[in-house]
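Novice: Have a peek at query.txt (compact mmCIF, C-alpha atoms).
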# COMPACT_ATOMS: atom_id res chain seq x y z
CA MET A 3 0.00 0.00 0.00
CA ASN A 4 1.63 3.26 -1.12
CA THR A 5 1.28 6.54 0.76
CA PHE A 6 -1.69 7.76 -1.28
CA GLU A 7 -3.50 4.45 -0.85
CA LEU A 8 -2.82 4.56 2.90
CA ALA A 9 -4.20 8.10 3.10
CA VAL A 10 -7.30 7.09 1.14
CA ARG A 11 -7.87 4.14 3.47
CA ALA A 12 -7.38 6.20 6.62
CA GLU A 13 -9.63 8.98 5.38
CA ARG A 14 -12.28 6.41 4.43
CA VAL A 15 -12.75 5.11 7.98
CA ASP A 16 -12.85 8.71 9.23
CA THR A 17 -15.55 9.47 6.64
CA LEU A 18 -17.52 6.33 7.48
CA ASN A 19 -17.50 7.38 11.14
CA TRP A 20 -19.20 10.67 10.29
CA LEU A 21 -21.70 9.10 7.92
CA ASP A 22 -22.61 6.50 10.55
CA GLN A 23 -23.02 9.19 13.19
CA HIS A 24 -25.48 10.96 10.90
CA ALA A 25 -27.30 7.69 10.21
CA ALA A 26 -27.61 7.07 13.95
CA ALA A 27 -29.14 10.47 14.78
CA PRO A 28 -32.86 10.33 15.60
CA ALA A 29 -35.10 12.34 13.29
CA SER A 30 -35.78 14.93 16.00
CA VAL A 31 -32.03 15.46 16.44
CA ARG A 32 -31.44 15.77 12.71
CA GLN A 33 -34.10 18.45 12.53
CA ALA A 34 -32.95 20.32 15.64
CA LEU A 35 -29.30 20.39 14.56
CA GLY A 36 -29.84 20.73 10.81
CA LEU A 37 -27.86 17.57 10.15
CA ALA A 38 -27.26 16.55 6.56
CA SER A 39 -24.72 14.46 4.69
CA LEU A 40 -24.04 13.90 1.01
CA CYS A 41 -22.12 11.26 -0.91
CA GLN A 42 -21.73 11.97 -4.61
CA GLY A 43 -19.43 9.34 -6.02
CA GLU A 44 -16.25 9.54 -3.92
CA LEU A 45 -17.12 13.03 -2.65
CA ALA A 46 -18.47 13.01 0.91
CA MET A 47 -19.42 15.93 3.15
CA VAL A 48 -21.46 16.75 6.24
CA ARG A 49 -23.12 19.88 7.53
CA SER A 50 -25.03 21.01 10.61
CA ALA A 51 -26.01 24.02 12.69
CA VAL A 52 -23.22 23.12 15.16
CA PRO A 53 -20.55 25.81 14.62
CA PHE A 54 -17.55 23.46 14.80
CA SER A 55 -15.39 22.48 11.84
CA HIS A 56 -15.84 18.75 12.46
CA PHE A 57 -19.58 19.05 11.87
CA ASN A 58 -19.30 21.05 8.63
CA MET A 59 -16.61 19.32 6.65
CA VAL A 60 -15.80 18.29 3.10
CA LEU A 61 -14.14 14.98 3.94
CA THR A 62 -12.72 13.44 0.77
CA LEU A 63 -11.96 16.12 -1.85
CA GLY A 64 -8.68 15.10 -3.52
CA CYS A 65 -8.43 11.95 -1.43
CA PRO A 66 -9.87 10.23 -3.38
CA ALA A 67 -12.67 12.40 -4.87
CA PRO A 68 -11.67 14.11 -8.14
CA VAL A 69 -11.10 17.86 -7.94
CA ASN A 70 -12.98 19.62 -10.73
CA ASP A 71 -15.64 22.26 -11.33
CA ALA A 72 -18.42 19.73 -10.75
CA ALA A 73 -17.04 18.91 -7.30
CA PHE A 74 -16.85 22.58 -6.29
CA ALA A 75 -20.36 23.19 -7.62
CA ALA A 76 -21.66 20.29 -5.52
CA ILE A 77 -19.86 21.62 -2.43
CA ASP A 78 -21.20 25.15 -2.89
CA ALA A 79 -24.76 23.91 -3.45
CA PHE A 80 -24.69 21.57 -0.44
CA TYR A 81 -23.57 24.20 2.05
CA ARG A 82 -25.67 26.96 0.54
CA ALA A 83 -28.71 24.73 1.07
CA GLY A 84 -27.83 24.56 4.76
CA GLY A 85 -28.27 28.30 5.20
CA CYS A 86 -24.99 29.54 6.64
CA GLY A 87 -22.67 28.15 3.98
CA ARG A 88 -19.63 28.15 6.30
CA HIS A 89 -17.62 24.96 5.86
CA TRP A 90 -14.14 23.46 5.96
CA VAL A 91 -12.20 21.33 3.47
CA LEU A 92 -9.54 18.84 4.56
CA VAL A 93 -6.39 18.63 2.43
CA ASN A 94 -3.66 16.17 3.34
CA ASP A 95 -0.07 15.70 2.21
CA HIS A 96 -1.15 13.10 -0.35
CA SER A 97 -4.25 14.79 -1.77
CA GLN A 98 -4.36 15.08 -5.54
CA PRO A 99 -3.65 17.37 -7.28
CA PRO A 100 -0.68 18.59 -5.17
CA ASP A 101 -1.79 22.23 -5.58
CA LEU A 102 -5.25 21.64 -4.07
CA GLY A 103 -4.50 24.04 -1.23
CA GLU A 104 -3.60 26.78 -3.69
CA GLN A 105 -6.77 26.08 -5.68
CA LEU A 106 -8.84 26.50 -2.54
CA LEU A 107 -7.15 29.80 -1.70
CA ALA A 108 -7.90 31.01 -5.22
CA ARG A 109 -11.57 30.10 -4.70
CA GLY A 110 -11.90 32.24 -1.57
CA TYR A 111 -10.97 29.76 1.14
CA ARG A 112 -8.39 30.57 3.80
CA ALA A 113 -6.04 28.36 5.79
CA ASP A 114 -7.41 27.49 9.23
CA GLY A 115 -4.96 25.24 11.06
CA ALA A 116 -3.92 21.62 10.72
CA TRP A 117 -4.17 18.23 12.39
CA ASP A 118 -1.56 15.46 12.27
CA ARG A 119 -2.85 12.04 11.26
CA VAL A 120 -1.51 9.13 13.33
CA ILE A 121 -1.86 5.52 12.18
CA LEU A 122 -1.10 2.06 13.59
CA ARG A 123 -1.38 -0.93 11.24
CA GLU A 124 -1.31 -3.77 13.77
CA ALA A 125 -2.63 -4.56 17.22
CA ARG A 126 0.06 -4.00 19.87
CA PRO A 127 -1.22 -5.47 23.14
CA ASP A 128 2.39 -5.59 24.37
CA LEU A 129 2.46 -1.79 24.34
CA TRP A 130 -1.10 -1.34 25.57
CA HIS A 131 -0.82 -3.68 28.55
CA ALA A 132 0.83 -1.07 30.77
CA HIS A 133 -1.88 1.45 29.93
CA GLY A 134 -5.63 1.52 30.01
CA GLN A 135 -5.89 0.81 33.70
CA ASP A 136 -8.72 2.26 35.82
CA CYS A 137 -10.83 3.12 32.76
CA GLU A 138 -14.42 2.14 32.00
CA ILE A 139 -16.03 1.03 28.77
CA VAL A 140 -19.28 2.93 28.36
CA ASP A 141 -22.54 1.00 28.58
CA ALA A 142 -26.09 1.72 29.72
CA GLY A 143 -24.92 2.00 33.32
CA ASN A 144 -22.44 4.84 32.86
CA ALA A 145 -23.63 6.37 29.57
CA GLY A 146 -25.18 9.29 31.44
CA ASP A 147 -21.81 10.22 32.94
CA TRP A 148 -20.13 9.99 29.53
CA ILE A 149 -22.80 12.10 27.81
CA GLY A 150 -22.96 14.68 30.59
CA PHE A 151 -19.20 15.14 30.53
CA LEU A 152 -19.13 15.68 26.77
CA LEU A 153 -22.00 18.17 26.86
CA GLY A 154 -20.36 20.13 29.66
CA CYS A 155 -16.88 20.05 28.17
CA TYR A 156 -17.99 21.40 24.80
CA GLY A 157 -20.98 23.47 25.96
CA MET A 158 -23.29 21.54 23.67
CA PRO A 159 -27.11 21.72 23.66
CA PRO A 160 -29.37 18.82 24.80
CA PRO A 161 -29.98 17.41 21.28
CA ILE A 162 -26.29 16.49 21.16
CA GLY A 163 -26.91 14.35 24.23
CA GLU A 164 -29.69 12.50 22.43
CA TRP A 165 -27.38 12.00 19.47
CA LEU A 166 -24.59 10.62 21.68
CA HIS A 167 -27.04 8.30 23.40
CA ALA A 168 -27.85 6.78 20.00
CA LEU A 169 -24.18 5.76 19.68
CA VAL A 170 -24.15 3.75 22.92
CA GLY A 171 -24.48 0.09 22.00
CA ARG A 172 -24.62 0.87 18.28
CA PRO A 173 -22.76 -1.75 16.17
CA GLY A 174 -19.22 -0.63 15.43
CA TRP A 175 -19.06 1.89 18.28
CA HIS A 176 -17.03 1.72 21.49
CA HIS A 177 -16.62 4.44 24.12
CA ALA A 178 -14.41 4.70 27.18
CA LEU A 179 -14.02 7.09 30.09
CA ARG A 180 -11.56 7.70 32.89
CA ARG A 181 -12.53 9.25 36.18
CA GLU A 182 -10.37 11.61 38.21
CA ASP A 183 -7.36 9.68 39.49
CA GLY A 184 -9.05 6.53 38.23
CA ARG A 185 -11.26 6.43 41.32
CA PRO A 186 -14.61 4.61 41.00
CA GLY A 187 -17.51 7.04 41.33
CA ALA A 188 -15.32 10.12 40.89
CA PRO A 189 -16.17 12.79 38.31
CA VAL A 190 -15.22 11.97 34.73
CA ALA A 191 -11.88 13.43 33.62
CA MET A 192 -11.38 12.12 30.07
CA VAL A 193 -13.40 10.38 27.35
CA ARG A 194 -12.75 9.03 23.87
CA SER A 195 -14.67 6.90 21.35
CA ALA A 196 -13.85 4.50 18.52
CA PHE A 197 -15.69 3.46 15.38
CA VAL A 198 -14.75 0.19 13.64
CA ASP A 199 -15.75 -0.36 10.01
CA ASP A 200 -16.58 -3.71 8.43
CA SER A 201 -13.02 -4.23 7.22
CA GLY A 202 -11.38 -3.86 10.63
CA TRP A 203 -10.17 -0.28 10.42
CA ALA A 204 -10.86 1.79 13.52
CA TRP A 205 -11.16 5.57 13.91
CA LEU A 206 -10.61 7.10 17.36
CA GLY A 207 -12.16 10.46 18.23
CA ILE A 208 -14.93 12.25 20.16
CA ASP A 209 -12.21 13.02 22.70
CA ALA A 210 -12.76 15.45 25.52
CA PRO A 211 -10.98 17.50 26.52
CA VAL A 212 -8.91 17.65 23.35
CA PRO A 213 -5.30 17.01 24.46
CA GLY A 214 -3.06 20.02 24.03
CA VAL A 215 -5.93 22.19 22.78
CA MET A 216 -8.39 22.24 25.68
CA ALA A 217 -6.22 20.81 28.47
CA PRO A 218 -2.80 19.17 29.03
CA CYS A 219 -4.56 15.83 29.57
CA PHE A 220 -2.07 13.64 27.73
CA ALA A 221 -1.70 10.97 30.41
CA ASP A 222 -5.45 10.56 30.93
CA ASP A 223 -6.03 10.44 27.18
CA GLN A 224 -3.33 7.80 26.74
CA GLN A 225 -5.01 5.64 29.37
CA VAL A 226 -8.45 5.98 27.77
CA THR A 227 -7.03 5.38 24.30
CA ALA A 228 -5.24 2.22 25.42
CA ALA A 229 -8.46 0.90 26.97
CA LEU A 230 -10.30 1.59 23.71
CA LEU A 231 -7.58 -0.02 21.60
CA ARG A 232 -7.78 -3.18 23.65
CA ALA A 233 -11.56 -3.21 23.30
CA VAL A 234 -11.69 -2.67 19.55
CA ALA A 235 -8.81 -5.06 18.84
CA GLY A 236 -10.77 -7.66 20.79
CA ALA A 237 -13.68 -6.91 18.47
CA GLY A 238 -11.55 -7.56 15.37
CA ALA A 239 -9.95 -4.20 14.56
CA HIS A 240 -6.45 -4.43 13.06
CA SER A 241 -5.68 -0.88 11.88
CA PHE A 242 -6.17 2.30 13.88
CA VAL A 243 -6.45 5.98 12.92
CA SER A 244 -6.67 9.22 14.89
CA ASP A 245 -5.48 12.84 14.94
CA ILE A 246 -3.23 15.06 17.00
CA GLU A 247 -5.10 18.35 16.87
CA ALA A 248 -2.28 20.24 18.59
CA ALA A 249 0.02 19.60 15.63
CA SER A 250 3.72 20.44 15.93
CA PRO A 251 5.96 21.16 12.90
CA ASP A 252 8.76 18.98 14.29
CA ARG A 253 6.33 16.32 15.62
CA THR A 254 7.62 16.53 19.17
CA GLY A 255 5.85 17.05 22.47
CA PRO A 256 3.76 15.07 24.92
CA GLY A 257 0.95 14.36 22.46
CA TYR A 258 3.30 12.76 19.96
CA SER A 259 5.12 10.83 22.69
CA ALA A 260 1.86 9.44 24.06
CA TRP A 261 0.76 8.11 20.68
CA ARG A 262 4.22 6.67 19.88
CA GLU A 263 4.18 4.79 23.18
CA LEU A 264 0.98 3.09 21.99
CA GLY A 265 2.61 2.11 18.67
CA PHE A 266 1.32 4.93 16.42
CA GLN A 267 3.32 7.01 13.98
CA ALA A 268 2.50 10.41 12.53
CA ALA A 269 1.63 9.65 8.89
CA TYR A 270 0.66 12.93 7.24
CA LEU A 271 -0.62 16.42 7.94
CA ARG A 272 -4.28 17.28 7.36
CA ARG A 273 -4.66 21.00 6.62
CA LEU A 274 -7.98 22.78 7.07
CA TYR A 275 -9.35 25.44 4.74
CA VAL A 276 -12.47 27.41 5.63
CA LYS A 277 -14.93 29.45 3.60
CA GLY A 278 -18.00 31.39 4.61
With the file now loaded, output its structure as structure tokens.
Specialist:
Amino acid sequence: MNTFELAVRAERVDTLNWLDQHAAAPASVRQALGLASLCQGELAMVRSAVPFSHFNMVLTLGCPAPVNDAAFAAIDAFYRAGGCGRHWVLVNDHSQPPDLGEQLLARGYRADGAWDRVILREARPDLWHAHGQDCEIVDAGNAGDWIGFLLGCYGMPPPIGEWLHALVGRPGWHHALRREDGRPGAPVAMVRSAFVDDSGWAWLGIDAPVPGVMAPCFADDQQVTAALLRAVAGAGAHSFVSDIEAASPDRTGPGYSAWRELGFQAAYLRRLYVKG
């Protein structure tokens, strides 16, 4: 698998995660949050009334969706139909054509940060064994704590809670939490989720707080991530994908160290461009 093929595969499980989240949302939540998704050939995108980039994203332009006037017309029409029109496009180091970023700038987009993609292509229980202690896998018994923590951490409205509840017990989904100091019954300190597709690729996200962006919670996140990795590997996952949102040009710092200790390597940069 060459670098472009690896990027396409990693972006695919990320895209499938978002499409499955949208499919899971109850009708009342879709209406309240203005949720919509569109797949037109290889081009996939999502939109909502939630003013975060993750919820209003063109996911596959250039990797692997062709970049042409028809693609940009579809993007403009999709977000214009949502009212606000504000949206982000992800461009990674292997997107084609290589000048996609420059094309976006010429079309009125502007650069808006970057995330570093991390990938692990094999289960590494030898590395995970020392981590993941004193964490809980989310089920009906502790789902309320998990949902409440996410809503509070991000300041999200109640419909988001209903949406999250629909992901508890949903096929392909796993969630984990860690309480303060790992103490049973203590307030939640860190959460993260994983989505596993039918081919055994797993995406890890819905993390709160975001390490290095919202809090220096690298140790707690590493523990939760290790617990999730053990859970999804036990469910058949063999390849694992996530992001470091506090990206560093030289790929150093506690976030990078934490992922490397779990077996991951930084694979490519994902640059964000925003318009609207």
Novice: Where's the centre, and what are the edge lengths in Å to one decimal, of a box along x, y and z enclosing all listed atoms of segment 8-16 of chain A padded 3 Å per side, as AutoDock Vina command-line options?
Specialist:
--center_x -7.8 --center_y 6.6 --center_z 5.2 --size_x 16.0 --size_y 10.8 --size_z 14.1
Novice: Distance table requested - segment 178-258 of chain A against segment 46-65 of chain A, cut-off 12 Å, all atoms listed in the file: one row per qualifying residue with the closest atom pair and its distance in Å to one decimal, ordered by chain and rising residue number, as CSV.
Specialist:
residue,atom,partner,partner_atom,distance
A:Gly207,CA,A:His56,CA,10.7
A:Ile208,CA,A:His56,CA,10.1
A:Glu247,CA,A:His56,CA,11.6
Novice: Could you check which of A:Ala27, A:Ala67, A:Ala237, A:Val170 is closest to Gly143 of chain A, using all atoms listed in the file?
Specialist: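 Looking only at the distances to Gly143 of chain A, the closest residue turns out to be A:Val170.
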Novice: Might you pull out every residue within 10 Å of Trp261 of chain A, with all atoms listed in the file counted and same-chain residues fewer than 2 positions away left off, and present them as a PyMOL selection string?
Specialist: chain A and resi 120-122+220+223-224+227-228+244-246+256-259+263-268
Novice: Taking the point (-5.1, 18.6, 14.5) as given in the file, collect each protein or nucleic acid residue that comes within 8 Å of it, counting only C-alpha atoms, and present the set as an NGL selection string.
Specialist: :A and (115-119 or 245-249 or 272)
Novice: Restricting the calculation to only C-alpha atoms, which member of A:Pro99, A:Gly184, A:Gly87, A:Gly157 is positioned closest to Gly134 of chain A?
Specialist: A:Gly184
Novice: Looking at all atoms listed in the file, which of A:Val234, A:Cys137, A:Ala217, A:Met3 is the one that sits closest to Ala188 of chain A?
Specialist: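 The closest residue to Ala188 of chain A is A:Cys137.
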Novice: With only C-alpha atoms as the basis for distance, which of A:Arg32, A:Ser250, A:Met216, A:Gly278 is at the shortest distance from Cys155 of chain A?
Specialist: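 Looking only at the distances to Cys155 of chain A, the closest residue turns out to be A:Met216.
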Novice: What gap, in Å, lies between atom CA of Cys219 of chain A and atom CA of Asp22 of chain A?
Specialist: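 Calculated distance between atom CA of Cys219 of chain A and atom CA of Asp22 of chain A is 27.8 Å.
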Novice: Looking at A:Ala233, A:Ala34, A:Leu153, A:Ala221, which one is nearest to His176 of chain A, with distances taken over only C-alpha atoms?
Specialist: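 Smallest separation from His176 of chain A among the options: A:Ala233.
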Novice: Work out how far apart atom CA of Ala76 of chain A and atom CA of Thr17 of chain A are and give it in Å to one decimal.
Specialist: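 Spanning atom CA of Ala76 of chain A to atom CA of Thr17 of chain A is a straight-line distance of 17.4 Å.
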Novice: So which one's closest to Asp147 of chain A, A:Leu129, A:Leu179, A:Val91, A:Cys41? Using all atoms listed in the file, please.
Specialist: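 Comparing A:Leu129, A:Leu179, A:Val91, A:Cys41 against Asp147 of chain A, the winner is A:Leu179.
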Novice: Excluding same-chain residues fewer than 3 positions from Ala239 of chain A, what lies within 9 Å of it counting all atoms listed in the file, as number ranges by chain?
Specialist: A: 124-125, 198-199, 201-204, 231, 233-236, 242
Novice: For atom CA of Asp95 of chain A and atom CA of Asp16 of chain A, quote the distance in Å rounded to one decimal.
Specialist: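 Here the two named atoms are 16.2 Å from each other.
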Novice: Please list as a ChimeraX atom specification every residue within 7 Å of Asn19 of chain A, counting all atoms listed in the file and excluding residues in the same chain fewer than 4 positions away.
Specialist: /A:15,23,197
Novice: Could segment 94-105 of chain A be completed with all heavy atoms and written as a PDB file, in the frame of the given file, please?
Specialist:
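Generated file (out.pdb):
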ATOM      1  N   ASN A  94      -4.812  16.795   2.697  1.00  0.00           N
ATOM      2  CA  ASN A  94      -3.660  16.170   3.340  1.00  0.00           C
ATOM      3  C   ASN A  94      -2.443  16.143   2.426  1.00  0.00           C
ATOM      4  O   ASN A  94      -2.514  16.539   1.258  1.00  0.00           O
ATOM      5  CB  ASN A  94      -4.019  14.767   3.863  1.00  0.00           C
ATOM      6  CG  ASN A  94      -4.269  13.761   2.764  1.00  0.00           C
ATOM      7  OD1 ASN A  94      -3.391  13.455   1.969  1.00  0.00           O
ATOM      8  ND2 ASN A  94      -5.484  13.211   2.738  1.00  0.00           N
ATOM      9  N   ASP A  95      -1.332  15.684   2.952  1.00  0.00           N
ATOM     10  CA  ASP A  95      -0.070  15.700   2.210  1.00  0.00           C
ATOM     11  C   ASP A  95      -0.116  14.885   0.919  1.00  0.00           C
ATOM     12  O   ASP A  95       0.732  15.071   0.046  1.00  0.00           O
ATOM     13  CB  ASP A  95       1.058  15.155   3.091  1.00  0.00           C
ATOM     14  CG  ASP A  95       1.422  16.099   4.230  1.00  0.00           C
ATOM     15  OD1 ASP A  95       1.121  17.306   4.123  1.00  0.00           O
ATOM     16  OD2 ASP A  95       1.998  15.629   5.228  1.00  0.00           O
ATOM     17  N   HIS A  96      -1.077  13.977   0.808  1.00  0.00           N
ATOM     18  CA  HIS A  96      -1.150  13.100  -0.350  1.00  0.00           C
ATOM     19  C   HIS A  96      -2.355  13.381  -1.246  1.00  0.00           C
ATOM     20  O   HIS A  96      -2.604  12.641  -2.198  1.00  0.00           O
ATOM     21  CB  HIS A  96      -1.159  11.638   0.112  1.00  0.00           C
ATOM     22  CG  HIS A  96      -0.023  11.319   1.029  1.00  0.00           C
ATOM     23  ND1 HIS A  96       1.295  11.360   0.624  1.00  0.00           N
ATOM     24  CD2 HIS A  96       0.008  10.989   2.356  1.00  0.00           C
ATOM     25  CE1 HIS A  96       2.079  11.062   1.650  1.00  0.00           C
ATOM     26  NE2 HIS A  96       1.321  10.834   2.699  1.00  0.00           N
ATOM     27  N   SER A  97      -3.098  14.435  -0.937  1.00  0.00           N
ATOM     28  CA  SER A  97      -4.250  14.790  -1.770  1.00  0.00           C
ATOM     29  C   SER A  97      -3.789  15.134  -3.179  1.00  0.00           C
ATOM     30  O   SER A  97      -2.690  15.663  -3.384  1.00  0.00           O
ATOM     31  CB  SER A  97      -4.993  15.987  -1.171  1.00  0.00           C
ATOM     32  OG  SER A  97      -5.529  15.679   0.103  1.00  0.00           O
ATOM     33  N   GLN A  98      -4.652  14.806  -4.129  1.00  0.00           N
ATOM     34  CA  GLN A  98      -4.360  15.080  -5.540  1.00  0.00           C
ATOM     35  C   GLN A  98      -5.412  16.021  -6.127  1.00  0.00           C
ATOM     36  O   GLN A  98      -6.590  15.845  -5.847  1.00  0.00           O
ATOM     37  CB  GLN A  98      -4.333  13.776  -6.335  1.00  0.00           C
ATOM     38  CG  GLN A  98      -3.246  12.827  -5.902  1.00  0.00           C
ATOM     39  CD  GLN A  98      -1.848  13.367  -6.157  1.00  0.00           C
ATOM     40  OE1 GLN A  98      -1.643  14.106  -7.142  1.00  0.00           O
ATOM     41  NE2 GLN A  98      -0.909  13.049  -5.285  1.00  0.00           N
ATOM     42  N   PRO A  99      -5.020  17.056  -6.880  1.00  0.00           N
ATOM     43  CA  PRO A  99      -3.650  17.370  -7.280  1.00  0.00           C
ATOM     44  C   PRO A  99      -2.846  18.018  -6.136  1.00  0.00           C
ATOM     45  O   PRO A  99      -3.442  18.487  -5.150  1.00  0.00           O
ATOM     46  CB  PRO A  99      -3.849  18.350  -8.432  1.00  0.00           C
ATOM     47  CG  PRO A  99      -5.136  19.049  -8.089  1.00  0.00           C
ATOM     48  CD  PRO A  99      -6.010  17.987  -7.458  1.00  0.00           C
ATOM     49  N   PRO A 100      -1.513  18.045  -6.250  1.00  0.00           N
ATOM     50  CA  PRO A 100      -0.680  18.590  -5.170  1.00  0.00           C
ATOM     51  C   PRO A 100      -0.960  20.055  -4.855  1.00  0.00           C
ATOM     52  O   PRO A 100      -0.658  20.518  -3.749  1.00  0.00           O
ATOM     53  CB  PRO A 100       0.749  18.400  -5.711  1.00  0.00           C
ATOM     54  CG  PRO A 100       0.642  17.274  -6.689  1.00  0.00           C
ATOM     55  CD  PRO A 100      -0.702  17.444  -7.329  1.00  0.00           C
ATOM     56  N   ASP A 101      -1.534  20.798  -5.821  1.00  0.00           N
ATOM     57  CA  ASP A 101      -1.790  22.230  -5.580  1.00  0.00           C
ATOM     58  C   ASP A 101      -3.223  22.479  -5.102  1.00  0.00           C
ATOM     59  O   ASP A 101      -3.740  23.597  -5.233  1.00  0.00           O
ATOM     60  CB  ASP A 101      -1.533  23.039  -6.853  1.00  0.00           C
ATOM     61  CG  ASP A 101      -2.542  22.761  -7.963  1.00  0.00           C
ATOM     62  OD1 ASP A 101      -3.265  21.741  -7.885  1.00  0.00           O
ATOM     63  OD2 ASP A 101      -2.612  23.566  -8.908  1.00  0.00           O
ATOM     64  N   LEU A 102      -3.862  21.474  -4.516  1.00  0.00           N
ATOM     65  CA  LEU A 102      -5.250  21.640  -4.070  1.00  0.00           C
ATOM     66  C   LEU A 102      -5.390  22.787  -3.085  1.00  0.00           C
ATOM     67  O   LEU A 102      -6.356  23.559  -3.137  1.00  0.00           O
ATOM     68  CB  LEU A 102      -5.769  20.340  -3.458  1.00  0.00           C
ATOM     69  CG  LEU A 102      -7.198  20.372  -2.900  1.00  0.00           C
ATOM     70  CD1 LEU A 102      -8.195  20.884  -3.928  1.00  0.00           C
ATOM     71  CD2 LEU A 102      -7.605  18.994  -2.374  1.00  0.00           C
ATOM     72  N   GLY A 103      -4.437  22.935  -2.175  1.00  0.00           N
ATOM     73  CA  GLY A 103      -4.500  24.040  -1.230  1.00  0.00           C
ATOM     74  C   GLY A 103      -4.513  25.382  -1.931  1.00  0.00           C
ATOM     75  O   GLY A 103      -5.297  26.281  -1.584  1.00  0.00           O
ATOM     76  N   GLU A 104      -3.657  25.526  -2.933  1.00  0.00           N
ATOM     77  CA  GLU A 104      -3.600  26.780  -3.690  1.00  0.00           C
ATOM     78  C   GLU A 104      -4.907  27.009  -4.456  1.00  0.00           C
ATOM     79  O   GLU A 104      -5.395  28.148  -4.568  1.00  0.00           O
ATOM     80  CB  GLU A 104      -2.422  26.761  -4.658  1.00  0.00           C
ATOM     81  CG  GLU A 104      -1.061  26.922  -3.999  1.00  0.00           C
ATOM     82  CD  GLU A 104      -0.586  25.674  -3.277  1.00  0.00           C
ATOM     83  OE1 GLU A 104      -1.216  24.597  -3.451  1.00  0.00           O
ATOM     84  OE2 GLU A 104       0.407  25.761  -2.524  1.00  0.00           O
ATOM     85  N   GLN A 105      -5.488  25.937  -4.986  1.00  0.00           N
ATOM     86  CA  GLN A 105      -6.770  26.080  -5.680  1.00  0.00           C
ATOM     87  C   GLN A 105      -7.858  26.577  -4.726  1.00  0.00           C
ATOM     88  O   GLN A 105      -8.689  27.415  -5.101  1.00  0.00           O
ATOM     89  CB  GLN A 105      -7.193  24.742  -6.290  1.00  0.00           C
ATOM     90  CG  GLN A 105      -6.389  24.287  -7.475  1.00  0.00           C
ATOM     91  CD  GLN A 105      -7.063  23.138  -8.208  1.00  0.00           C
ATOM     92  OE1 GLN A 105      -8.294  23.094  -8.326  1.00  0.00           O
ATOM     93  NE2 GLN A 105      -6.261  22.209  -8.710  1.00  0.00           N
TER      94      GLN A 105
END
